[in-house]
Structure formats: structure tokens, C-alpha cells
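Printed here is data36.pdb (PDB, C-alpha atoms, pLDDT in the B column):
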```
MODEL        1
ATOM      1  CA  MET A 164     -19.349   4.973  -6.945  1.00 55.00           C
ATOM      2  CA  ILE A 165     -17.435   2.266  -8.807  1.00 60.00           C
ATOM      3  CA  TYR A 166     -18.337   1.584 -12.399  1.00 83.00           C
ATOM      4  CA  THR A 167     -17.698  -1.562 -14.367  1.00 94.00           C
ATOM      5  CA  ILE A 168     -17.800  -0.885 -18.081  1.00 95.00           C
ATOM      6  CA  ASN A 169     -18.731  -3.353 -20.803  1.00 96.00           C
ATOM      7  CA  THR A 170     -17.846  -2.917 -24.458  1.00 96.00           C
ATOM      8  CA  GLU A 171     -18.451  -5.190 -27.421  1.00 95.00           C
ATOM      9  CA  ARG A 172     -15.504  -7.440 -26.499  1.00 97.00           C
ATOM     10  CA  LEU A 173     -14.252  -6.228 -23.133  1.00 98.00           C
ATOM     11  CA  LEU A 174     -15.049  -5.943 -19.464  1.00 98.00           C
ATOM     12  CA  ILE A 175     -13.306  -2.962 -17.873  1.00 98.00           C
ATOM     13  CA  LYS A 176     -13.411  -3.346 -14.115  1.00 97.00           C
ATOM     14  CA  PRO A 177     -11.759  -1.645 -11.159  1.00 96.00           C
ATOM     15  CA  ILE A 178      -8.469  -3.312 -10.258  1.00 96.00           C
ATOM     16  CA  GLU A 179      -8.590  -5.597  -7.206  1.00 95.00           C
ATOM     17  CA  LEU A 180      -6.020  -7.235  -4.947  1.00 94.00           C
ATOM     18  CA  ASN A 181      -6.830 -10.669  -6.382  1.00 96.00           C
ATOM     19  CA  ASP A 182      -5.723  -9.420  -9.842  1.00 94.00           C
ATOM     20  CA  LEU A 183      -2.075  -9.428  -8.706  1.00 91.00           C
ATOM     21  CA  GLU A 184      -0.727 -12.383 -10.708  1.00 91.00           C
ATOM     22  CA  ASP A 185      -2.481 -11.360 -13.929  1.00 91.00           C
ATOM     23  CA  VAL A 186      -1.408  -7.720 -13.609  1.00 87.00           C
ATOM     24  CA  PHE A 187       2.193  -8.730 -12.865  1.00 85.00           C
ATOM     25  CA  ARG A 188       2.163 -10.914 -15.980  1.00 87.00           C
ATOM     26  CA  TYR A 189       1.636  -7.902 -18.279  1.00 77.00           C
ATOM     27  CA  ALA A 190       3.337  -5.302 -16.057  1.00 78.00           C
ATOM     28  CA  ASN A 191       6.608  -7.282 -15.954  1.00 69.00           C
ATOM     29  CA  ASP A 192       7.015  -7.288 -19.752  1.00 64.00           C
ATOM     30  CA  ASP A 193      10.211  -5.534 -20.871  1.00 60.00           C
ATOM     31  CA  SER A 194       8.488  -4.436 -24.105  1.00 60.00           C
ATOM     32  CA  ILE A 195       6.529  -1.781 -22.176  1.00 58.00           C
ATOM     33  CA  ASP A 196       9.632   0.279 -21.488  1.00 54.00           C
ATOM     34  CA  MET A 197       8.148   3.426 -23.099  1.00 52.00           C
ATOM     35  CA  MET A 198       5.644   3.865 -20.275  1.00 54.00           C
ATOM     36  CA  LEU A 199       6.601   5.865 -17.219  1.00 50.00           C
ATOM     37  CA  PHE A 200       5.917   3.375 -14.456  1.00 56.00           C
ATOM     38  CA  TYR A 201       6.545   0.089 -16.241  1.00 50.00           C
ATOM     39  CA  PRO A 202       7.816  -2.521 -16.410  1.00 52.00           C
ATOM     40  CA  HIS A 203       7.413  -3.739 -12.859  1.00 56.00           C
ATOM     41  CA  ARG A 204      10.576  -5.662 -12.028  1.00 68.00           C
ATOM     42  CA  THR A 205       9.153  -7.416  -8.959  1.00 76.00           C
ATOM     43  CA  ILE A 206       5.841  -8.766  -7.733  1.00 82.00           C
ATOM     44  CA  GLU A 207       6.262  -6.381  -4.796  1.00 88.00           C
ATOM     45  CA  ALA A 208       6.187  -3.409  -7.190  1.00 83.00           C
ATOM     46  CA  THR A 209       2.920  -4.669  -8.656  1.00 86.00           C
ATOM     47  CA  THR A 210       1.529  -5.310  -5.167  1.00 90.00           C
ATOM     48  CA  GLU A 211       2.323  -1.716  -4.178  1.00 91.00           C
ATOM     49  CA  PHE A 212       0.750  -0.425  -7.411  1.00 88.00           C
ATOM     50  CA  ILE A 213      -2.467  -2.393  -6.802  1.00 92.00           C
ATOM     51  CA  ASN A 214      -2.622  -1.428  -3.115  1.00 95.00           C
ATOM     52  CA  ILE A 215      -2.407   2.270  -4.041  1.00 93.00           C
ATOM     53  CA  ALA A 216      -5.094   1.827  -6.716  1.00 93.00           C
ATOM     54  CA  VAL A 217      -7.456  -0.068  -4.402  1.00 95.00           C
ATOM     55  CA  THR A 218      -6.982   2.565  -1.683  1.00 96.00           C
ATOM     56  CA  GLU A 219      -7.891   5.229  -4.232  1.00 95.00           C
ATOM     57  CA  TRP A 220     -10.995   3.296  -5.337  1.00 93.00           C
ATOM     58  CA  ASN A 221     -12.122   3.178  -1.692  1.00 93.00           C
ATOM     59  CA  LYS A 222     -12.340   6.978  -1.543  1.00 93.00           C
ATOM     60  CA  GLU A 223     -15.729   8.610  -1.994  1.00 90.00           C
ATOM     61  CA  GLU A 224     -14.450  10.502  -5.045  1.00 90.00           C
ATOM     62  CA  PRO A 225     -11.383   8.758  -6.492  1.00 94.00           C
ATOM     63  CA  ILE A 226      -8.951  11.025  -8.327  1.00 95.00           C
ATOM     64  CA  ASP A 227      -7.240   8.129 -10.131  1.00 95.00           C
ATOM     65  CA  ARG A 228      -9.396   5.255 -11.356  1.00 96.00           C
ATOM     66  CA  GLU A 229      -7.289   2.216 -12.265  1.00 95.00           C
ATOM     67  CA  TYR A 230      -9.013  -0.563 -14.208  1.00 97.00           C
ATOM     68  CA  VAL A 231      -8.048  -3.925 -15.652  1.00 97.00           C
ATOM     69  CA  VAL A 232      -9.095  -4.789 -19.188  1.00 97.00           C
ATOM     70  CA  VAL A 233     -10.624  -8.259 -19.426  1.00 98.00           C
ATOM     71  CA  GLU A 234     -11.280 -10.224 -22.608  1.00 97.00           C
ATOM     72  CA  ASN A 235     -13.061 -13.588 -22.316  1.00 96.00           C
ATOM     73  CA  GLY A 236     -12.200 -13.838 -18.612  1.00 96.00           C
ATOM     74  CA  THR A 237      -8.499 -13.014 -19.088  1.00 96.00           C
ATOM     75  CA  ILE A 238      -6.894  -9.785 -17.914  1.00 96.00           C
ATOM     76  CA  ILE A 239      -5.119  -8.435 -20.994  1.00 96.00           C
ATOM     77  CA  GLY A 240      -4.058  -5.022 -19.742  1.00 94.00           C
ATOM     78  CA  GLY A 241      -4.834  -1.986 -17.707  1.00 94.00           C
ATOM     79  CA  ILE A 242      -6.322   1.435 -18.286  1.00 96.00           C
ATOM     80  CA  ASN A 243      -6.803   4.397 -16.040  1.00 95.00           C
ATOM     81  CA  ILE A 244      -8.353   7.807 -15.963  1.00 97.00           C
ATOM     82  CA  GLU A 245      -6.976  10.365 -13.536  1.00 96.00           C
ATOM     83  CA  GLN A 246      -8.312  13.787 -12.684  1.00 97.00           C
ATOM     84  CA  CYS A 247      -5.611  16.341 -13.482  1.00 95.00           C
ATOM     85  CA  GLY A 248      -7.538  19.607 -13.210  1.00 92.00           C
ATOM     86  CA  ASP A 249     -10.997  21.033 -12.782  1.00 93.00           C
ATOM     87  CA  ARG A 250     -13.114  18.649 -14.888  1.00 96.00           C
ATOM     88  CA  GLU A 251      -9.980  17.614 -16.827  1.00 97.00           C
ATOM     89  CA  TYR A 252      -8.719  14.047 -16.917  1.00 98.00           C
ATOM     90  CA  GLU A 253      -5.767  12.106 -18.251  1.00 97.00           C
ATOM     91  CA  LEU A 254      -6.180   8.712 -19.897  1.00 97.00           C
ATOM     92  CA  GLY A 255      -3.486   6.013 -20.000  1.00 93.00           C
ATOM     93  CA  TRP A 256      -3.361   2.353 -21.003  1.00 93.00           C
ATOM     94  CA  VAL A 257      -1.164  -0.707 -21.378  1.00 90.00           C
ATOM     95  CA  ILE A 258      -2.065  -3.890 -23.234  1.00 92.00           C
ATOM     96  CA  ALA A 259      -0.191  -7.196 -22.897  1.00 90.00           C
ATOM     97  CA  LYS A 260       2.074  -7.912 -25.864  1.00 89.00           C
ATOM     98  CA  LYS A 261       0.055 -10.939 -27.008  1.00 92.00           C
ATOM     99  CA  TYR A 262      -3.072  -8.766 -27.394  1.00 95.00           C
ATOM    100  CA  ARG A 263      -1.609  -5.691 -29.094  1.00 91.00           C
ATOM    101  CA  GLY A 264      -2.672  -4.657 -32.569  1.00 94.00           C
ATOM    102  CA  LEU A 265      -6.186  -6.061 -32.148  1.00 97.00           C
ATOM    103  CA  GLY A 266      -7.958  -2.806 -31.295  1.00 97.00           C
ATOM    104  CA  TYR A 267      -8.337  -3.509 -27.575  1.00 98.00           C
ATOM    105  CA  ALA A 268      -6.587  -0.305 -26.444  1.00 97.00           C
ATOM    106  CA  THR A 269      -8.806   1.810 -28.706  1.00 97.00           C
ATOM    107  CA  GLU A 270     -11.955   0.008 -27.567  1.00 98.00           C
ATOM    108  CA  ALA A 271     -11.094   0.379 -23.876  1.00 98.00           C
ATOM    109  CA  ALA A 272      -9.943   3.994 -24.241  1.00 98.00           C
ATOM    110  CA  ARG A 273     -13.108   4.924 -26.147  1.00 97.00           C
ATOM    111  CA  ALA A 274     -15.187   3.442 -23.319  1.00 97.00           C
ATOM    112  CA  LEU A 275     -13.288   5.469 -20.725  1.00 96.00           C
ATOM    113  CA  LEU A 276     -13.607   8.634 -22.813  1.00 96.00           C
ATOM    114  CA  ASP A 277     -17.352   8.093 -22.851  1.00 95.00           C
ATOM    115  CA  TYR A 278     -17.273   7.483 -19.087  1.00 95.00           C
ATOM    116  CA  ALA A 279     -15.243  10.671 -18.529  1.00 96.00           C
ATOM    117  CA  PHE A 280     -17.529  12.901 -20.549  1.00 96.00           C
ATOM    118  CA  ASN A 281     -20.869  11.347 -19.588  1.00 94.00           C
ATOM    119  CA  LYS A 282     -20.364  10.157 -15.991  1.00 93.00           C
ATOM    120  CA  LEU A 283     -17.535  12.324 -14.647  1.00 94.00           C
ATOM    121  CA  ASN A 284     -18.724  15.448 -16.500  1.00 95.00           C
ATOM    122  CA  ALA A 285     -15.244  16.063 -17.928  1.00 97.00           C
ATOM    123  CA  THR A 286     -14.737  19.017 -20.226  1.00 97.00           C
ATOM    124  CA  LYS A 287     -11.372  17.799 -21.553  1.00 98.00           C
ATOM    125  CA  VAL A 288      -9.378  14.556 -21.625  1.00 98.00           C
ATOM    126  CA  ILE A 289      -5.673  14.350 -22.422  1.00 98.00           C
ATOM    127  CA  ALA A 290      -3.313  11.483 -23.148  1.00 97.00           C
ATOM    128  CA  GLN A 291       0.464  11.446 -23.437  1.00 94.00           C
ATOM    129  CA  CYS A 292       2.955   9.031 -24.887  1.00 92.00           C
ATOM    130  CA  ASP A 293       6.608   8.646 -25.714  1.00 87.00           C
ATOM    131  CA  ASN A 294       7.164  10.041 -29.198  1.00 91.00           C
ATOM    132  CA  ARG A 295       8.498   6.605 -30.256  1.00 88.00           C
ATOM    133  CA  ASN A 296       5.259   4.873 -29.186  1.00 89.00           C
ATOM    134  CA  ILE A 297       3.515   4.859 -32.555  1.00 92.00           C
ATOM    135  CA  ALA A 298       0.815   2.414 -31.428  1.00 92.00           C
ATOM    136  CA  SER A 299      -0.372   4.682 -28.591  1.00 93.00           C
ATOM    137  CA  GLU A 300      -0.285   7.708 -30.853  1.00 96.00           C
ATOM    138  CA  LYS A 301      -2.505   5.839 -33.331  1.00 97.00           C
ATOM    139  CA  VAL A 302      -4.988   5.110 -30.525  1.00 97.00           C
ATOM    140  CA  MET A 303      -5.129   8.809 -29.650  1.00 97.00           C
ATOM    141  CA  LYS A 304      -5.802   9.718 -33.271  1.00 97.00           C
ATOM    142  CA  LYS A 305      -8.513   7.042 -33.570  1.00 97.00           C
ATOM    143  CA  LEU A 306     -10.186   8.548 -30.509  1.00 97.00           C
ATOM    144  CA  GLY A 307     -10.381  11.881 -32.317  1.00 96.00           C
ATOM    145  CA  MET A 308      -7.776  13.509 -30.110  1.00 98.00           C
ATOM    146  CA  THR A 309      -5.687  16.398 -31.440  1.00 98.00           C
ATOM    147  CA  LEU A 310      -1.938  16.812 -31.033  1.00 97.00           C
ATOM    148  CA  ILE A 311      -1.440  19.739 -28.641  1.00 97.00           C
ATOM    149  CA  ASP A 312       2.313  19.544 -27.979  1.00 91.00           C
ATOM    150  CA  ASP A 313       5.151  17.551 -29.519  1.00 92.00           C
ATOM    151  CA  LYS A 314       7.982  19.341 -27.690  1.00 91.00           C
ATOM    152  CA  GLY A 315       7.633  17.687 -24.279  1.00 86.00           C
ATOM    153  CA  THR A 316      10.162  15.342 -22.712  1.00 85.00           C
ATOM    154  CA  ARG A 317       9.942  12.521 -20.229  1.00 80.00           C
ATOM    155  CA  GLU A 318      12.538  10.760 -18.135  1.00 78.00           C
ATOM    156  CA  TYR A 319      12.160   7.110 -17.226  1.00 71.00           C
ATOM    157  CA  PRO A 320      12.909   6.616 -13.523  1.00 72.00           C
ATOM    158  CA  GLN A 321      14.097   3.026 -13.951  1.00 68.00           C
ATOM    159  CA  THR A 322      16.591   3.688 -16.748  1.00 73.00           C
ATOM    160  CA  GLY A 323      17.297   7.416 -16.730  1.00 76.00           C
ATOM    161  CA  VAL A 324      16.475   7.510 -20.462  1.00 78.00           C
ATOM    162  CA  ILE A 325      15.099  10.847 -21.662  1.00 84.00           C
ATOM    163  CA  SER A 326      12.744  10.838 -24.632  1.00 84.00           C
ATOM    164  CA  GLY A 327      10.329  13.093 -26.444  1.00 87.00           C
ATOM    165  CA  GLU A 328       6.706  13.213 -25.383  1.00 91.00           C
ATOM    166  CA  LEU A 329       3.495  13.822 -27.307  1.00 95.00           C
ATOM    167  CA  LEU A 330       0.433  15.408 -25.724  1.00 96.00           C
ATOM    168  CA  TYR A 331      -3.003  14.858 -27.253  1.00 98.00           C
ATOM    169  CA  ALA A 332      -6.354  16.221 -26.087  1.00 98.00           C
ATOM    170  CA  ILE A 333     -10.049  16.156 -26.855  1.00 98.00           C
ATOM    171  CA  THR A 334     -12.827  18.326 -25.459  1.00 97.00           C
ATOM    172  CA  LYS A 335     -16.369  17.243 -24.749  1.00 96.00           C
ATOM    173  CA  GLU A 336     -17.603  19.325 -27.689  1.00 95.00           C
ATOM    174  CA  GLU A 337     -15.128  17.645 -30.049  1.00 95.00           C
ATOM    175  CA  TYR A 338     -16.041  14.197 -28.732  1.00 90.00           C
ATOM    176  CA  ILE A 339     -19.784  14.645 -29.242  1.00 77.00           C
ATOM    177  CA  ARG A 340     -19.708  15.937 -32.798  1.00 60.00           C
TER     178      ARG A 340
ENDMDL
END
```

Please re-express this file's structure in C-alpha cells.
Amino acid sequence: MIYTINTERLLIKPIELNDLEDVFRYANDDSIDMMLFYPHRTIEATTEFINIAVTEWNKEEPIDREYVVVENGTIIGGINIEQCGDREYELGWVIAKKYRGLGYATEAARALLDYAFNKLNATKVIAQCDNRNIASEKVMKKLGMTLIDDKGTREYPQTGVISGELLYAITKEEYIR
């Protein structure tokens, strides 16, 4: 079952093939170089990304649910929740540069946390970020997540850069309190 989620300011809807131009607009931004699979250098890379996501959405029980974040009819970013264990999920997001710092990532991530715990019956949700990505770390803290590991590393396939990685988590019990 596919869920569209509404928040106070946002529509969070499953990504679709007709979102290509809007997704490429934010996915092609060089300022998102601290995210593992961005930026997309070509429209073909974004097309492949969307095709994989749409194929996943067409499964009876998607493992990876990729959404676009829409504000006043404009796609301003993407967010996903991916099953990574038995009733455990990983949350990730990207917001277009023009819309950063306005609380959209926190609002969208909070909505997907609620979806994970209340619709997917998750027991735990994690999120990871580059240790230089202070904005994403702030989102994790605002969500009530706890730092689990600050010793991880990540390598960026496009550049070969190796950086530190932070791992945050929250359980259903922590989320409800």
C-alpha cells in the first residue's frame, strides 16, 4: 500500500516518473556532496534513480520507500525510509539548497518517523550522516535520536573522498515518550 503523507506545510508523496525534472533540479546540486549517492551529474542518473524507486514502490511490500517532499506544489527535496533489518528502518533526506534552514527536513523526517513506528510497526529507526553535515545532525537531534556511533567512515563513490560518519537511532519506546 502506498501512503501519501501530509504535514502542516508539506505533502510527502511517493516519487513518480513525471517528477524527473524537479528531482534532477535538486539532485544535481554540487552542495549535496556529503550524501552518498548525490549529486547526480546527469539526467540519466536521476532517471535510473527514479526508475529503481518506482519499481520498488510497485512491489507488494517495498523495502525502500522513496518520496518527494512538496511545498506549495513545488518539489523541494526527497526523503526515504528503507528497511534494514527485522522491523528496523533507516531514514534519509535531501532538501534543495533554496529551502534549507526552514525546518522542512525536520518536518518531513518527523512525519516518516511517525509512519515507520505507527504504520510499518518499526521498533527502531536509524539515520546516518557525514560528520561534517551539521544540518543533518541537528535534524537527528531534533527528532529525539541518540548518537550511537561516531567512529564510522564513508567513502563517496564519485570522488573517492573518505569522511567520518555519525550514526543516530531512536526506538519506538523513545519516540512515544

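Counting only C-alpha atoms and comparing A:Lys335, A:Pro225, A:Glu184, A:Lys304, the residue that lies closest to Thr210 in chain A is A:Glu184.
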
#### Entry: Minimum-distance residue to Val232 in chain A, chosen among A:Tyr252, A:Phe187, A:Trp220, A:Tyr267 (using all atoms listed in the file)
A:Tyr267

### Selection result of the PyMOL selection byres ((chain A and resi 206) around 10) on this file, as number ranges by chain
A: 183-184, 186-188, 190-191, 203-205, 207-212

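Taking only C-alpha atoms into account, Glu234 in chain A lies nearest to A:Thr170 out of the set A:Thr269, A:Asn181, A:Thr170, A:Gln291.
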
### Message
Which polymer residues, whether protein, DNA or RNA, lie within 10 Å of the coordinate (8.2, 14.3, -20.3) when you count all atoms listed in the file? List them as JSON, numbers by chain, using the chain letters and numbers from the file.
### Response
{"A": [199, 291, 292, 293, 294, 314, 315, 316, 317, 318, 319, 325, 326, 327, 328, 329, 330]}

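Considering the residues A:Lys260, A:Arg273, A:Lys301, A:Arg295 and counting all atoms listed in the file, Tyr189 in chain A has its shortest atom-to-atom contact with A:Lys260.
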
### Message
What's around range 214-217 of chain A at 9 Å? Count only C-alpha atoms, leave out sequence neighbours fewer than 5 positions away in its own chain, and write the answer as a PyMOL selection string.
### Response
chain A and resi 177-180+209+227-230

### Query
Excluding same-chain residues fewer than 6 positions from Asn169 in chain A, what lies within 9 Å of it counting all atoms listed in the file, as a VMD selection string?
chain A and resid 175 to 176 274

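Taking CA of Ile242 in chain A and CA of Val257 in chain A as the two end points, the separation is 6.4 Å.
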
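The closest residue to Leu254 in chain A, picked from A:Lys305, A:Lys222, A:Arg172, A:Lys287 and counting only C-alpha atoms, is A:Lys287.
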